[in-house]
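**Q** Take a look at final11.txt, compact mmCIF, C-alpha atoms:
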# COMPACT_ATOMS: atom_id res chain seq x y z
CA MET A 1 11.83 5.23 -19.20
CA VAL A 2 12.37 2.12 -21.36
CA LEU A 3 15.69 0.43 -22.07
CA ASN A 4 16.92 -1.96 -24.73
CA ASP A 5 17.80 -5.56 -23.84
CA ASN A 6 21.49 -4.95 -23.15
CA ARG A 7 20.72 -1.76 -21.20
CA THR A 8 22.89 0.59 -23.24
CA ARG A 9 20.07 2.79 -24.62
CA ALA A 10 17.17 4.54 -22.91
CA VAL A 11 14.07 6.30 -24.23
CA SER A 12 11.77 8.65 -22.31
CA SER A 13 9.13 11.29 -22.91
CA LEU A 14 7.85 13.80 -20.36
CA GLY A 15 4.85 15.35 -22.07
CA TRP A 16 5.01 18.81 -20.48
CA VAL A 17 8.63 19.13 -21.65
CA ASP A 18 8.99 16.95 -24.74
CA ARG A 19 5.53 17.27 -26.33
CA GLY A 20 5.74 15.12 -29.49
CA SER A 21 9.42 14.28 -29.07
CA LEU A 22 11.45 11.46 -27.58
CA TRP A 23 14.44 11.90 -25.29
CA VAL A 24 16.97 9.25 -26.37
CA TYR A 25 20.15 8.39 -24.46
CA SER A 26 22.94 6.04 -25.58
CA ALA A 27 25.87 4.97 -23.42
CA ASN A 28 28.11 5.57 -26.47
CA GLU A 29 27.06 9.20 -26.93
CA PRO A 30 28.11 12.24 -24.87
CA SER A 31 24.58 13.60 -24.41
CA PRO A 32 20.94 12.69 -25.08
CA GLN A 33 19.14 13.47 -28.33
CA GLN A 34 15.69 14.96 -28.86
CA ILE A 35 13.85 13.23 -31.71
CA THR A 36 10.57 14.74 -32.91
CA LEU A 37 8.04 12.10 -33.95
CA SER A 38 4.82 14.09 -34.39
CA ASP A 39 2.94 17.24 -33.45
CA ALA A 40 1.11 15.36 -30.66
CA THR A 41 0.33 17.13 -27.40
CA TYR A 42 2.31 14.47 -25.58
CA LEU A 43 3.70 10.94 -25.98
CA SER A 44 3.77 7.90 -23.71
CA VAL A 45 6.35 5.16 -24.16
CA SER A 46 6.02 1.40 -23.47
CA ALA A 47 8.72 -1.27 -23.43
CA GLY A 48 8.60 -4.29 -25.71
CA ALA A 49 10.74 -7.38 -26.20
CA GLU A 50 14.20 -7.43 -27.76
CA GLU A 51 15.03 -3.98 -29.21
CA PHE A 52 11.46 -2.75 -29.63
CA PHE A 53 9.26 -0.17 -27.93
CA ALA A 54 5.91 1.49 -28.65
CA VAL A 55 4.81 5.12 -28.50
CA VAL A 56 1.25 6.38 -27.96
CA HIS A 57 0.63 9.81 -29.55
CA HIS A 58 -2.03 11.84 -27.71
CA TRP A 59 -3.77 14.87 -29.25
CA ASP A 60 -6.06 15.95 -26.37
CA GLY A 61 -8.89 13.77 -27.65
CA LYS A 62 -8.72 14.82 -31.30
CA ARG A 63 -6.60 11.87 -32.49
CA LEU A 64 -4.85 8.82 -31.12
CA GLU A 65 -2.07 6.82 -32.76
CA ILE A 66 0.37 4.13 -31.67
CA THR A 67 3.70 3.62 -33.41
CA ALA A 68 6.29 0.85 -33.18
CA HIS A 69 10.02 1.60 -33.03
CA SER A 70 13.41 -0.01 -32.51
CA HIS A 71 16.10 1.27 -30.14
CA LEU A 72 18.50 0.85 -33.04
CA ASP A 73 16.73 3.62 -35.00
CA PRO A 74 14.13 5.36 -32.78
CA ARG A 75 13.28 7.90 -35.45
CA HIS A 76 11.98 5.24 -37.87
CA ILE A 77 8.33 4.19 -37.56
CA ILE A 78 8.12 0.46 -38.22
CA SER A 79 4.33 0.28 -37.99
CA ARG A 80 1.47 2.64 -37.17
CA LEU A 81 -1.98 2.03 -35.70
CA ALA A 82 -4.38 4.97 -35.99
CA LEU A 83 -7.86 5.38 -34.52
CA ARG A 84 -10.51 6.97 -36.71
CA GLN A 85 -14.27 7.39 -36.61
CA ALA A 86 -16.27 5.47 -39.22
CA LEU A 87 -18.26 8.69 -39.73
CA PRO A 88 -16.02 11.62 -38.74
CA GLY A 89 -17.57 14.12 -36.35
CA SER A 90 -20.30 11.76 -35.16
CA SER A 91 -20.56 9.30 -32.30
CA SER A 92 -20.07 6.40 -34.71
CA ARG A 93 -17.88 3.37 -34.07
CA VAL A 94 -14.14 3.94 -33.84
CA GLU A 95 -12.02 1.87 -36.20
CA LEU A 96 -8.33 0.98 -36.24
CA SER A 97 -6.22 1.39 -39.36
CA ARG A 98 -2.95 -0.56 -39.56
CA GLU A 99 0.10 0.12 -41.70
CA GLY A 100 3.73 -0.97 -41.91
CA GLU A 101 5.34 -4.20 -40.70
CA LEU A 102 2.51 -5.59 -38.56
CA SER A 103 4.49 -8.55 -37.21
CA VAL A 104 6.35 -6.16 -34.88
CA TRP A 105 3.27 -6.00 -32.62
CA ASP A 106 3.98 -9.58 -31.51
CA ARG A 107 6.98 -8.17 -29.65
CA LEU A 108 5.13 -5.24 -28.07
CA PRO A 109 2.39 -4.92 -25.43
CA GLY A 110 -1.00 -6.14 -26.60
CA ALA A 111 -3.08 -3.36 -25.01
CA PHE A 112 -2.89 0.44 -24.90
CA THR A 113 -5.20 3.17 -23.62
CA GLY A 114 -5.77 6.80 -24.59
CA TYR A 115 -8.47 9.45 -24.82
CA ALA A 116 -10.03 10.13 -28.22
CA PHE A 117 -13.40 11.18 -29.66
CA GLY A 118 -14.93 11.85 -26.25
CA GLU A 119 -14.08 8.47 -24.65
CA PHE A 120 -11.20 6.59 -23.11
CA GLN A 121 -10.28 4.01 -25.72
CA LEU A 122 -8.70 0.58 -25.29
CA VAL A 123 -6.66 -0.60 -28.29
CA LEU A 124 -5.94 -4.33 -28.61
CA THR A 125 -3.05 -4.68 -31.01
CA ARG A 126 -3.20 -8.46 -31.47
CA TYR A 127 -6.97 -8.70 -31.89
CA ALA A 128 -8.04 -8.22 -35.49
CA GLY A 129 -11.78 -7.67 -35.57
CA GLU A 130 -14.57 -5.29 -34.64
CA ASP A 131 -13.56 -5.32 -30.98
CA ASP A 132 -9.93 -4.24 -31.43
CA VAL A 133 -11.01 -0.81 -30.14
CA GLN A 134 -13.24 -0.69 -27.04
CA THR A 135 -14.57 1.79 -24.52
CA PHE A 136 -15.21 1.01 -20.85
CA ALA A 137 -18.92 0.80 -20.00
CA TRP A 138 -18.08 0.51 -16.29
CA PHE A 139 -16.18 3.82 -16.32
CA ASP A 140 -19.34 5.80 -15.67
CA ASP A 141 -20.59 8.65 -13.48
CA ARG A 142 -19.49 6.85 -10.35
CA TYR A 143 -16.06 8.23 -11.24
CA ASP A 144 -15.29 11.95 -11.13
CA LYS A 145 -14.34 12.32 -14.80
CA GLY A 146 -13.19 15.90 -14.36
CA TYR A 147 -10.62 14.62 -11.89
CA GLN A 148 -10.01 11.05 -12.98
CA GLY A 149 -9.11 9.26 -16.20
CA ILE A 150 -7.86 5.91 -17.45
CA VAL A 151 -4.05 6.00 -17.22
CA GLY A 152 -2.88 2.54 -18.27
CA ALA A 153 -3.51 -1.08 -19.21
CA ASN A 154 -1.31 -4.02 -18.22
CA GLU A 155 -1.67 -7.57 -19.45
CA VAL A 156 -1.93 -10.35 -16.85
CA PRO A 157 0.30 -13.28 -17.90
CA ASP A 158 -1.46 -16.54 -18.77
CA SER A 159 -4.79 -14.71 -18.79
CA SER A 160 -6.98 -12.72 -21.13
CA SER A 161 -7.50 -10.08 -18.43
CA LEU A 162 -6.04 -6.59 -18.20
CA ILE A 163 -5.31 -4.39 -15.19
CA ILE A 164 -6.80 -0.97 -15.93
CA SER A 165 -5.31 1.88 -13.86
CA ILE A 166 -7.40 4.91 -12.97
CA GLN A 167 -6.07 8.33 -12.07
CA ARG A 168 -6.18 9.21 -8.34
CA ASP A 169 -7.67 5.81 -7.52
CA SER A 170 -6.10 2.98 -5.50
CA GLN A 171 -8.55 0.41 -6.88
CA PRO A 172 -7.49 -0.59 -10.40
CA VAL A 173 -10.00 -2.69 -12.30
CA LEU A 174 -9.40 -6.21 -13.58
CA TYR A 175 -11.04 -6.13 -17.01
CA ASP A 176 -11.88 -8.91 -19.47
CA PRO A 177 -11.77 -7.45 -23.01
CA TYR A 178 -13.43 -10.54 -24.50
CA THR A 179 -16.58 -10.24 -22.38
CA LYS A 180 -16.11 -6.44 -22.03
CA THR A 181 -16.75 -6.67 -18.30
CA ALA A 182 -15.08 -5.42 -15.14
CA VAL A 183 -14.26 -8.63 -13.28
CA ARG A 184 -13.38 -7.03 -9.95
CA LYS A 185 -11.48 -4.20 -8.32
CA LEU A 186 -7.98 -4.65 -6.96
CA HIS A 187 -6.76 -2.95 -3.80
CA LEU A 188 -3.41 -1.20 -3.41
CA ALA A 189 -2.35 1.00 -0.46
CA ASP A 190 -5.38 3.34 -0.36
CA ARG A 191 -3.22 6.40 -1.14
CA GLY A 192 -5.16 7.75 -4.13
CA GLY A 193 -2.21 7.72 -6.51
CA ASN A 194 -1.94 7.25 -10.26
CA PRO A 195 -0.98 3.56 -10.26
CA SER A 196 1.82 2.53 -12.60
CA PHE A 197 2.41 -1.24 -12.90
CA GLN A 198 5.39 -3.40 -13.87
CA PHE A 199 5.58 -7.18 -13.93
CA ARG A 200 8.53 -8.80 -12.13
CA GLY A 201 8.67 -12.05 -14.07
CA SER A 202 11.41 -13.67 -11.99
CA ALA A 203 9.05 -13.83 -9.00
CA ALA A 204 5.68 -13.75 -10.84
CA GLU A 205 4.74 -10.45 -9.17
CA PHE A 206 3.21 -7.14 -10.16
CA TRP A 207 4.66 -4.01 -8.60
CA ALA A 208 2.71 -0.75 -8.57
CA THR A 209 3.12 2.79 -7.31
CA ASP A 210 0.40 4.33 -5.16
CA TYR A 211 1.36 7.94 -4.49
CA ASP A 212 4.04 7.60 -1.77
CA TYR A 213 3.91 3.79 -1.57
CA ILE A 214 5.29 0.94 -3.65
CA VAL A 215 3.07 -2.15 -3.61
CA LYS A 216 3.85 -5.78 -4.46
CA LEU A 217 1.05 -8.08 -5.69
CA ASP A 218 0.93 -11.81 -6.35
CA GLY A 219 1.01 -12.27 -10.13
CA LYS A 220 -1.79 -14.87 -10.11
CA THR A 221 -4.20 -13.84 -7.34
CA LEU A 222 -3.35 -10.09 -7.60
CA ALA A 223 -3.55 -9.91 -3.81
CA VAL A 224 -1.16 -7.52 -2.05
CA LYS A 225 1.94 -9.31 -0.69
CA ASN A 226 3.70 -6.27 0.73
CA ALA A 227 3.59 -2.49 0.64
CA GLN A 228 6.14 0.09 1.71
CA CYS A 229 5.99 3.85 2.15
CA VAL A 230 9.12 5.13 0.40
CA GLN A 231 8.64 8.90 0.66
CA ASP A 232 8.23 10.70 3.98
CA ALA A 233 5.63 13.41 4.45
CA VAL A 234 6.76 16.95 5.23
CA ARG A 235 4.80 18.86 7.87
CA GLY A 236 1.99 16.36 7.48
CA ILE A 237 1.77 16.75 3.69
CA ARG A 238 2.28 13.59 1.65
CA GLN A 239 4.68 13.67 -1.31
CA PHE A 240 4.49 11.39 -4.33
CA ILE A 241 7.25 9.17 -5.67
CA GLY A 242 8.41 9.06 -9.28
CA ASN A 243 8.79 6.12 -11.61
CA PHE A 244 10.58 2.87 -10.80
CA CYS A 245 12.56 0.17 -12.57
CA PHE A 246 14.30 -3.14 -11.89
CA ASP A 247 17.89 -4.13 -12.51
CA SER A 248 18.60 -6.75 -15.18
CA GLY A 249 18.26 -9.62 -12.71
CA GLN A 250 15.14 -8.12 -11.11
CA ASN A 251 16.82 -8.33 -7.71
CA ILE A 252 16.76 -4.57 -7.08
CA CYS A 253 13.90 -2.09 -7.50
CA LEU A 254 15.04 1.49 -8.05
CA LEU A 255 12.59 4.31 -7.28
CA ALA A 256 12.91 8.01 -8.10
CA ARG A 257 12.02 10.47 -5.33
CA PRO A 258 11.52 13.98 -6.73
CA PHE A 259 11.02 15.55 -3.30
CA SER A 260 14.23 14.05 -1.88
CA GLY A 261 16.51 14.64 -4.89
CA ASP A 262 17.50 11.00 -4.99
CA ALA A 263 16.60 7.41 -5.80
CA VAL A 264 16.37 4.51 -3.39
CA ALA A 265 17.17 0.89 -4.15
CA LEU A 266 15.03 -1.79 -2.54
CA ASP A 267 15.83 -5.47 -2.25
CA ALA A 268 13.06 -6.86 -4.45
CA ASP A 269 12.36 -9.86 -2.21
CA SER A 270 12.21 -8.15 1.18
CA MET A 271 11.41 -4.60 -0.01
CA THR A 272 14.00 -3.25 2.43
CA GLN A 273 16.14 -0.29 1.39
CA VAL A 274 19.70 -1.29 0.48
CA SER A 275 21.03 1.87 -1.11
CA ARG A 276 20.37 5.57 -1.70
CA ILE A 277 21.64 7.35 -4.82
CA GLU A 278 22.00 11.13 -4.69
CA LEU A 279 20.87 12.64 -8.01
CA GLY A 280 19.97 16.24 -7.18
CA ARG A 281 17.14 18.36 -8.55
CA GLN A 282 13.80 16.46 -8.72
CA PRO A 283 14.26 13.05 -10.41
CA LEU A 284 11.01 11.68 -11.82
CA ASP A 285 11.71 9.22 -14.65
CA ILE A 286 14.46 6.67 -14.05
CA GLY A 287 16.43 3.77 -15.53
CA MET A 288 19.52 1.72 -14.76
CA LEU A 289 22.16 0.94 -17.39
CA ALA A 290 24.19 -2.26 -17.64
CA ASP A 291 27.21 -0.77 -15.86
CA GLY A 292 25.15 0.32 -12.84
CA THR A 293 24.77 3.93 -13.98
CA VAL A 294 21.50 5.42 -12.78
CA ILE A 295 20.02 7.83 -15.30
CA ALA A 296 17.04 10.01 -14.44
CA ARG A 297 15.20 13.05 -15.71
CA ASP A 298 14.29 16.13 -13.72
CA TRP A 299 10.55 16.53 -13.15
CA LYS A 300 10.12 20.11 -14.36
CA SER A 301 12.93 20.66 -16.87
CA GLY A 302 13.49 17.14 -18.25
CA ASP A 303 17.24 17.60 -17.72
CA SER A 304 19.39 14.49 -17.42
CA LEU A 305 20.58 13.42 -13.95
CA PHE A 306 23.21 10.75 -13.28
CA GLY A 307 24.31 8.63 -10.35
CA LYS A 308 25.85 5.24 -9.59
CA ILE A 309 24.43 2.34 -7.63
As structure tokens - that is how I would like this structure written.
**A**
Amino acid sequence: MVLNDNRTRAVSSLGWVDRGSLWVYSANEPSPQQITLSDATYLSVSAGAEEFFAVVHHWDGKRLEITAHSHLDPRHIISRLALRQALPGSSSRVELSREGELSVWDRLPGAFTGYAFGEFQLVLTRYAGEDDVQTFAWFDDRYDKGYQGIVGANEVPDSSSLIISIQRDSQPVLYDPYTKTAVRKLHLADRGGNPSFQFRGSAAEFWATDYDYIVKLDGKTLAVKNAQCVQDAVRGIRQFIGNFCFDSGQNICLLARPFSGDAVALDADSMTQVSRIELGRQPLDIGMLADGTVIARDWKSGDSLFGKI
């Protein structure tokens, strides 16, 4: 879930529920809206600066597009980046076409990933040249590609490197897109999750999920500073956590727990639990509004869930 700067609007997309649509919530409206953007199989949403966010449109490998939007008018596409093969139907080089107001990409993430034309593709939005679309040579048969895939790219501040997350793998790869090399593997909590990263700028830290753990890494060395299990196992079976977010001051980390019907708030410095918010159902995606309202979405139905911190 991504929020605007003043935390009065939220945007989400759960692919198995929303398909090519966005779920859009505004504190001034009585209920969320569903806004259809495309006929994509599913969408993924990324936060940008100011009022902007980006949407990756996935078509099960047939196409891949990235669009830029504003929270002020989510339906409007400000700019579009589309991947296409130089020679359609062949294994030729993949090119990136650009349209719309291209300056918006300066206020959005510089790297996105998705599967298209038989490969996991890396799209570099601020790199205009032959290497603005890349594949990962290191993602080879050492990975179980029927079970694993590339699930995200995060920029490392003050560096050209990216953190590439891999499905069911606790060792994300630090990747240099300029040399096209895997620099090294990082190490999380060894839980085999689908790591999702966020940068906590106030403390120069990366935070990442790893199945039932939340992990804190030093923003420069990328070494683990702390890790906490935040979801108990039941009868010896581990249960995964949902998404997480920070409050506006980045003092609190809020994590959704679909198997507990709640969210927990951690003190971001000590990682100790300071609050529990009962939400009901199975909260998976989560955000916190300016007034302290916790808004989440149910894992299976996508229904809206509300609480207060």
**Q** Using all atoms listed in the file, can you list as a compact mmCIF listing (two decimals) with C-alpha atoms, in the frame of the given file the residues within 9 Å of (-18.5, -4.6, -17.0)?
**A**
# COMPACT_ATOMS: atom_id res chain seq x y z
CA PHE A 136 -15.21 1.01 -20.85
CA ALA A 137 -18.92 0.80 -20.00
CA TRP A 138 -18.08 0.51 -16.29
CA PHE A 139 -16.18 3.82 -16.32
CA TYR A 175 -11.04 -6.13 -17.01
CA ASP A 176 -11.88 -8.91 -19.47
CA THR A 179 -16.58 -10.24 -22.38
CA LYS A 180 -16.11 -6.44 -22.03
CA THR A 181 -16.75 -6.67 -18.30
CA ALA A 182 -15.08 -5.42 -15.14
CA VAL A 183 -14.26 -8.63 -13.28
**Q** Work out how far apart CA of Ser21 in chain A and CA of Tyr211 in chain A are and give it in Å to one decimal.
**A**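 About the pair CA of Ser21 in chain A and CA of Tyr211 in chain A: they are 26.6 Å apart.
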**Q** Need to verify the contact set: Ile214 in chain A, 10 Å, all atoms listed in the file, exclusion of same-chain residues closer than 6 positions in sequence. Can you return it as a PyMOL selection string?
**A** chain A and resi 188-189+195-197+207-208+226-231+241+244+253+255+271
**Q** Gly48 in chain A: which residues within 7 Å, counting all atoms listed in the file, same-chain residues fewer than 3 positions away excluded, as a PyMOL selection string?
**A** chain A and resi 52-53+107-109
**Q** Emit the selected residues as a PDB file, in the coordinates of the input, including C-alpha atoms.
**A**
ATOM      1  CA  PHE A  52      11.460  -2.750 -29.630  1.00  0.00           C
ATOM      2  CA  PHE A  53       9.260  -0.170 -27.930  1.00  0.00           C
ATOM      3  CA  ARG A 107       6.980  -8.170 -29.650  1.00  0.00           C
ATOM      4  CA  LEU A 108       5.130  -5.240 -28.070  1.00  0.00           C
ATOM      5  CA  PRO A 109       2.390  -4.920 -25.430  1.00  0.00           C
TER       6      PRO A 109
END
**Q** Kindly provide the residues of range 195-274 of chain A that approach range 285-295 of chain A to within 7 Å, each paired with its closest atom pair and their distance in Å to one decimal, based on all atoms listed in the file, listed by chain and increasing number, as JSON lines.
**A**
{"residue": "A:Gly242", "atom": "CA", "partner": "A:Asp285", "partner_atom": "CA", "distance": 6.3}
{"residue": "A:Asn243", "atom": "CA", "partner": "A:Asp285", "partner_atom": "CA", "distance": 5.2}
{"residue": "A:Phe244", "atom": "CA", "partner": "A:Ile286", "partner_atom": "CA", "distance": 6.3}
{"residue": "A:Cys245", "atom": "CA", "partner": "A:Gly287", "partner_atom": "CA", "distance": 6.1}
{"residue": "A:Asp247", "atom": "CA", "partner": "A:Met288", "partner_atom": "CA", "distance": 6.5}
{"residue": "A:Ala256", "atom": "CA", "partner": "A:Ile286", "partner_atom": "CA", "distance": 6.3}
**Q** Just give me the residues with any atom within 8 Å of (10.7, 13.2, -23.7), file coordinates, counting all atoms listed in the file, written as a list in words.
**A**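 The residues near that point, listed by chain and number, are Val11, Ser12, Ser13, Leu14, Gly15, Val17, Asp18, Arg19, Gly20, Ser21, Leu22, Trp23, Val24, Gln34, Leu43 and Gly302 of chain A.
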**Q** Take the residues from that selection and put them in a file with C-alpha atoms, as a short mmCIF file (atom, residue, chain, number, x, y, z; two decimals), keeping the file's coordinate frame.
**A**
data_model
loop_
_atom_site.label_atom_id
_atom_site.label_comp_id
_atom_site.auth_asym_id
_atom_site.auth_seq_id
_atom_site.Cartn_x
_atom_site.Cartn_y
_atom_site.Cartn_z
CA VAL A 11 14.07 6.30 -24.23
CA SER A 12 11.77 8.65 -22.31
CA SER A 13 9.13 11.29 -22.91
CA LEU A 14 7.85 13.80 -20.36
CA GLY A 15 4.85 15.35 -22.07
CA VAL A 17 8.63 19.13 -21.65
CA ASP A 18 8.99 16.95 -24.74
CA ARG A 19 5.53 17.27 -26.33
CA GLY A 20 5.74 15.12 -29.49
CA SER A 21 9.42 14.28 -29.07
CA LEU A 22 11.45 11.46 -27.58
CA TRP A 23 14.44 11.90 -25.29
CA VAL A 24 16.97 9.25 -26.37
CA GLN A 34 15.69 14.96 -28.86
CA LEU A 43 3.70 10.94 -25.98
CA GLY A 302 13.49 17.14 -18.25
#
**Q** Could you give me, as a ChimeraX atom specification, the residues within 6 Å of Ile66 in chain A, counting all atoms listed in the file and dropping anything in the same chain fewer than 3 positions from it?
**A** /A:55-56,80-81
**Q** Could you tell me how far CA of Ser38 in chain A sits from CA of Tyr127 in chain A, in Å to one decimal place?
**A** 25.8 Å
**Q** Find the residues near His71 in chain A: any atom within 7 Å, counting all atoms listed in the file, skip ones fewer than 4 places away on the same chain, and give them as a VMD selection string.
**A** chain A and resid 4 9 51 to 52
**Q** Just checking: using all atoms listed in the file, which residue out of A:Asp232, A:Glu29, A:Asp262, A:Glu130 ends up closest to Lys308 in chain A?
**A**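 Ranked by minimum distance to Lys308 in chain A, first place goes to A:Asp262.
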**Q** Please compute the CA of Glu95 in chain A-CA of Val133 in chain A distance, one decimal, in Å.
**A** 6.7 Å
**Q** When you look at Gly193 in chain A with a cut-off of 8 Å (counting all atoms listed in the file), what residues show up, excluding the ones that are within fewer than 5 positions of it in the same chain? I need them as a ChimeraX atom specification.
**A** /A:167-170,209-212,240
**Q** Would you export the selected residues with C-alpha atoms as a PDB file, in the frame of the given file, please?
**A**
ATOM      1  CA  GLN A 167      -6.070   8.330 -12.070  1.00  0.00           C
ATOM      2  CA  ARG A 168      -6.180   9.210  -8.340  1.00  0.00           C
ATOM      3  CA  ASP A 169      -7.670   5.810  -7.520  1.00  0.00           C
ATOM      4  CA  SER A 170      -6.100   2.980  -5.500  1.00  0.00           C
ATOM      5  CA  THR A 209       3.120   2.790  -7.310  1.00  0.00           C
ATOM      6  CA  ASP A 210       0.400   4.330  -5.160  1.00  0.00           C
ATOM      7  CA  TYR A 211       1.360   7.940  -4.490  1.00  0.00           C
ATOM      8  CA  ASP A 212       4.040   7.600  -1.770  1.00  0.00           C
ATOM      9  CA  PHE A 240       4.490  11.390  -4.330  1.00  0.00           C
TER      10      PHE A 240
END
**Q** So, counting only C-alpha atoms, which residue among A:Val274, A:Phe199, A:Thr67, A:Ser44 is closest to Gly100 in chain A?
**A**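 Nearest candidate to Gly100 in chain A out of A:Val274, A:Phe199, A:Thr67, A:Ser44: A:Thr67.
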**Q** Which residue is closest to Asp132 in chain A? Choose from A:Tyr178, A:Phe117, A:Tyr147, A:Phe259 and count only C-alpha atoms.
**A**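 Once distances to Asp132 in chain A are computed over only C-alpha atoms, the minimum belongs to A:Tyr178.
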**Q** Nearest residue to Ser270 in chain A out of A:Lys145, A:Arg200, A:Lys216, A:Arg75, using all atoms listed in the file?
**A**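 That would be A:Lys216, the residue with the smallest distance to Ser270 in chain A.
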**Q** Could you list, with a cut-off of 9 Å and counting all atoms listed in the file, the residues of range 174-274 of chain A near range 155-159 of chain A, each shown with its nearest atom pair and the distance in Å rounded to one decimal, rows sorted by chain and ascending number, as a Markdown table?
**A**
| residue | atom | partner | partner_atom | distance |
| --- | --- | --- | --- | --- |
| A:Phe199 | CA | A:Val156 | CA | 8.7 |
| A:Ala204 | CA | A:Pro157 | CA | 8.9 |
| A:Gly219 | CA | A:Val156 | CA | 7.6 |
| A:Lys220 | CA | A:Val156 | CA | 8.1 |
**Q** Go through A:Lys185, A:Arg276, A:Arg126, A:Arg84 and flag the residue nearest Lys62 in chain A, using only C-alpha atoms for the distances.
**A**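 The closest residue to Lys62 in chain A is A:Arg84.
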